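Visitor: Below: one structure in structure tokens.
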Amino acid sequence: MSDDVLVVEGVTKRFGAVTANAAISIRVRAGEVVGLLGHNGAGKTTLVSQIVGLLRPDAGEIRVAGVDAVAHPGTARRLVALQAQGQVPLDGLTPRTAVELAGRLRGLPRREARRAAERLAVELDITEWIDQRALPEGRGLSGGVRRLAGFAMTVAAPAPLVVLDEPTNDVDAARRRRLWDAVRRLRDRGAGVLLVTHNVLEAEKVVDDLVVLDRGQVVAAGSPARLASGLDDGLRLEVTLPPGGDDPTPDVPFAVRQRVRAGRRVLLVVPADEASPAVTWAASLRDTGVVDGYTLGPATLEDAYLALTESTGAAGDELTEVTSHA
Ligand SMILES: Nc1ncnc2c1ncn2[C@@H]1O[C@H](COP(=O)(O)OP(=O)(O)OP(=O)(O)O)[C@@H](O)[C@H]1O
């Protein structure tokens, strides 16, 4: 029997002139975390909406744990635990009540729902607020605790497919780590997880496979290591400009595959056999004060992601310029 919990094949969705999803294919198996990575507007939420039956594809197939989600969206929806991108409305509820209710709605007996609420509060380190009521206009509970309570509601009861859309928004660094541990435990218990994010560094921490979307299309898929090695022998040379200093990087005496500027930092991806002229150049600019400093190291998954989505210039939050030359 197939262990696929999600099969998306050739899914296309248009909104007027905008093709939000263009023939997308993705597979998530039981016991696997797949990251769906893409910049704002790449088409991630549109795809999730179709998986949970809120939108109907113009073309293509979606199967959730073997159920045809286009023909039977209601049945398929019950096999998916979804944490949507927006905050869940919690007003008037405590995290304990909300998680217990969510568990019971998904079929857990009362005692198990209660246990799940307590276990998840400990796992996510939110026991301090478990009996604190959420009030209107964001009062009572912080955004991070609301987000974590939303995650706990999503995973209170087991489901074959768990879809998490930007689950760490508003969550502090220590509790993010706890959330990733909880995601790994879901995977280890046999769930398939689709993790939707635009944060490549976070995705890298937990996913087995990544699918990169760019303007509605899958532009790459595979393990993080495989995608990073897509830059083959690429090296990253990062230079820091002095405050208000001119940027010397558009005109360098060696080959550059990729150039990305974010504030005072400029990242150059260079072929490994250009390491020597690149370092000589950077060192002489540092010695003459044209740049404040530089580092050289192997290209990362983030570099590969920027290279894949370079043409839009939309991949990095603080990204101000993207160019590429041979
Ligand atoms: N209901 C809609 N009507 C018209 N256009 C839409 C609709 N929903 C999405 N779009 C467009 O489809 C494209 C993909 O949007 P989508 O929300 O799926 O992207 P996303 O990757 O989830 O972005 P973000 O990371 O910002 O949430 C965008 O160009 C968006 O403007």
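Every chain in the structure tokens takes a letter, A first, then B, and so on in the order presented; its residues are numbered from 1, and the ligands are numbered from 1 following the presented order.
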What do you get as a PyMOL selection string if you pick all residues at most 7 Å from ligand 1, counting only C-alpha atoms and all ligand atoms?
Guide: chain A and resi 15+18-20+38-47+198+216
Visitor: Counting only C-alpha atoms, what is within 8 Å of region 56-73 of chain A, bar same-chain residues fewer than 2 positions away, as a VMD selection string?
Guide: chain A and resid 4 to 14 23 50 to 54 75 to 77 79 to 80 160 to 161
Visitor: Residues of region 145-309 of chain A in helix (DSSP H, G or I) according to DSSP, as a ChimeraX atom specification?
Guide: /A:145-155,173-188,200-206,224-231,272-287,301-308
Visitor: With a distance cut-off of 9 Å and only C-alpha atoms, select the neighbouring residues of region 111-113 of chain A, excluding the residue or stretch itself and same-chain residues fewer than 3 positions from it, and output the selection as a list of chain:residue names.
Guide: A:Val99, A:Glu100, A:Leu101, A:Ala102, A:Gly103, A:Arg104, A:Gly107, A:Leu108, A:Ala116, A:Ala117, A:Glu118, A:Ala156, A:Ala157
Visitor: Measuring between only C-alpha atoms, which one of A:Asp247, A:Glu137, A:Glu274, A:Glu123 shows the shortest distance to Ala149 (chain A)?
Guide: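 Answer, going by the shortest atom-to-atom distance: A:Glu123.
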Visitor: Just want the 12 Å neighbourhood of Ala182 (chain A), counted on only C-alpha atoms, with same-chain residues fewer than 6 positions away dropped. Output as a ChimeraX atom specification.
Guide: /A:33,119-125,148,151-152,154-156,167,175-176,188-189,191,193,206
Visitor: Selection from above, N, CA and C atoms, as a short mmCIF file (atom, residue, chain, number, x, y, z; two decimals), in the first residue's frame, can you write it?
Guide:
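Generated output (selection.cif):
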```cif
data_model
loop_
_atom_site.label_atom_id
_atom_site.label_comp_id
_atom_site.auth_asym_id
_atom_site.auth_seq_id
_atom_site.Cartn_x
_atom_site.Cartn_y
_atom_site.Cartn_z
N VAL A 33 8.54 15.25 6.79
CA VAL A 33 8.19 16.68 6.80
C VAL A 33 8.65 17.28 5.47
N ARG A 119 -0.19 18.03 27.96
CA ARG A 119 1.09 17.59 27.38
C ARG A 119 1.65 18.66 26.44
N LEU A 120 0.79 19.18 25.58
CA LEU A 120 1.26 20.16 24.59
C LEU A 120 1.68 21.48 25.26
N ALA A 121 0.97 21.85 26.34
CA ALA A 121 1.35 23.09 27.04
C ALA A 121 2.76 22.94 27.62
N VAL A 122 3.07 21.74 28.12
CA VAL A 122 4.42 21.51 28.66
C VAL A 122 5.42 21.50 27.52
N GLU A 123 5.10 20.77 26.44
CA GLU A 123 6.04 20.67 25.31
C GLU A 123 6.37 22.04 24.74
N LEU A 124 5.37 22.91 24.69
CA LEU A 124 5.55 24.22 24.05
C LEU A 124 5.90 25.32 25.07
N ASP A 125 5.99 24.92 26.34
CA ASP A 125 6.33 25.85 27.42
C ASP A 125 5.35 27.01 27.51
N LEU A 148 1.01 29.53 19.48
CA LEU A 148 1.37 28.20 20.00
C LEU A 148 0.11 27.43 20.39
N PHE A 151 -1.27 26.02 17.31
CA PHE A 151 -0.54 24.81 16.91
C PHE A 151 -1.03 23.62 17.75
N ALA A 152 -1.15 23.84 19.07
CA ALA A 152 -1.60 22.74 19.95
C ALA A 152 -3.00 22.28 19.56
N THR A 154 -4.23 22.36 16.60
CA THR A 154 -4.11 21.63 15.33
C THR A 154 -3.68 20.19 15.55
N VAL A 155 -2.75 19.98 16.49
CA VAL A 155 -2.15 18.66 16.61
C VAL A 155 -2.67 17.88 17.82
N ALA A 156 -3.70 18.42 18.50
CA ALA A 156 -4.21 17.75 19.70
C ALA A 156 -4.63 16.31 19.39
N PRO A 167 3.89 28.51 11.07
CA PRO A 167 3.48 28.29 12.47
C PRO A 167 4.29 29.05 13.49
N ARG A 175 10.88 29.12 22.15
CA ARG A 175 9.66 28.33 21.91
C ARG A 175 9.55 27.87 20.46
N ARG A 176 10.19 28.58 19.53
CA ARG A 176 10.27 28.08 18.15
C ARG A 176 10.95 26.72 18.14
N ASP A 188 7.71 11.50 13.77
CA ASP A 188 8.16 10.21 14.29
C ASP A 188 6.99 9.31 14.62
N ARG A 189 5.83 9.93 14.93
CA ARG A 189 4.63 9.10 15.21
C ARG A 189 3.91 8.72 13.92
N ALA A 191 2.91 10.87 11.20
CA ALA A 191 2.14 11.85 10.41
C ALA A 191 3.02 12.34 9.25
N VAL A 193 3.85 15.79 7.30
CA VAL A 193 3.70 17.21 7.63
C VAL A 193 4.09 18.05 6.42
N VAL A 206 14.09 21.51 10.01
CA VAL A 206 13.15 20.43 10.33
C VAL A 206 12.72 19.59 9.12
#
```
Visitor: Check the smallest atom-to-atom distance from each of A:Arg185, A:Pro277, A:Thr249, A:Gly244 to Gly263 (chain A) using only C-alpha atoms, then report the winner.
Guide: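 That would be A:Gly244, the residue with the smallest distance to Gly263 (chain A).
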Visitor: I'd like the contact shell of Ala272 (chain A) - 10 Å cut-off, only C-alpha atoms, skipping same-chain residues fewer than 3 positions apart - returned as a CSV table (one decimal) with C-alpha atoms, in the first residue's frame.
Guide:
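As written to disk, result.csv reads:
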```
chain,number,residue,atom,x,y,z
A,232,ASP,CA,27.9,22.7,-7.0
A,233,ASP,CA,31.2,24.1,-5.9
A,234,GLY,CA,29.9,27.5,-5.1
A,235,LEU,CA,31.4,29.6,-2.4
A,236,ARG,CA,29.8,32.6,-0.6
A,269,VAL,CA,28.3,33.5,-4.9
A,275,ALA,CA,38.4,31.7,-4.5
A,276,SER,CA,42.0,33.0,-4.9
A,278,ALA,CA,38.1,36.8,-4.8
A,297,GLY,CA,32.7,29.9,3.1
A,298,PRO,CA,30.7,27.2,1.4
A,299,ALA,CA,27.4,28.3,-0.3
```
Visitor: I'd like the neighbourhood of Gln132 (chain A) as a list of chain:residue names, where a residue qualifies if any of its atoms comes within 9 Å (using only C-alpha atoms), though same-chain residues fewer than 6 positions away should be ignored.
Guide: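 My list of contacting residues is A:Leu93, A:Thr94, A:Pro95, A:Arg96, A:Gly140, A:Leu141.
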Visitor: Residues of region 77-234 of chain A classed as strand (DSSP E) by DSSP on the backbone are to be reported as a PyMOL selection string.
Guide: chain A and resi 80-83+161-165+192-197+209-214+217-222+234
Visitor: Using only C-alpha atoms, which protein or nucleic acid residues come within 8 Å of Leu135 (chain A)? Drop anything in the same chain fewer than 6 positions from it, and give the result as a PyMOL selection string.
Guide: chain A and resi 90-92+141
Visitor: Would you mind exporting N, CA and C atoms of the selected residues as a short mmCIF file (atom, residue, chain, number, x, y, z; two decimals), in the first residue's frame?
Guide:
```
data_model
loop_
_atom_site.label_atom_id
_atom_site.label_comp_id
_atom_site.auth_asym_id
_atom_site.auth_seq_id
_atom_site.Cartn_x
_atom_site.Cartn_y
_atom_site.Cartn_z
N LEU A 90 -9.56 33.06 19.46
CA LEU A 90 -9.55 32.40 20.78
C LEU A 90 -10.33 33.19 21.82
N ASP A 91 -10.84 34.39 21.44
CA ASP A 91 -11.38 35.30 22.44
C ASP A 91 -12.42 34.62 23.32
N GLY A 92 -12.25 34.82 24.63
CA GLY A 92 -13.17 34.22 25.60
C GLY A 92 -12.73 32.85 26.07
N LEU A 141 -3.77 37.37 26.08
CA LEU A 141 -2.70 36.44 25.67
C LEU A 141 -1.87 37.10 24.57
#
```
Visitor: From the list A:Gly31, A:Pro250, A:Gly289, A:Pro271, which residue is nearest Arg187 (chain A) when using only C-alpha atoms?
Guide: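 That would be A:Gly31, the residue with the smallest distance to Arg187 (chain A).
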Visitor: Using only C-alpha atoms, which of A:Ala17, A:Val239, A:Ala255, A:Ile26 sits nearest Ala282 (chain A)?
Guide: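 When distances to Ala282 (chain A) are compared using only C-alpha atoms, the smallest one comes from A:Val239.
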Visitor: Using only C-alpha atoms, find the one residue out of A:Thr280, A:Gln87, A:Thr309, A:Thr240 that sits nearest to Pro253 (chain A).
Guide: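 Looking at the shortest contact to Pro253 (chain A), the residue is A:Thr280.
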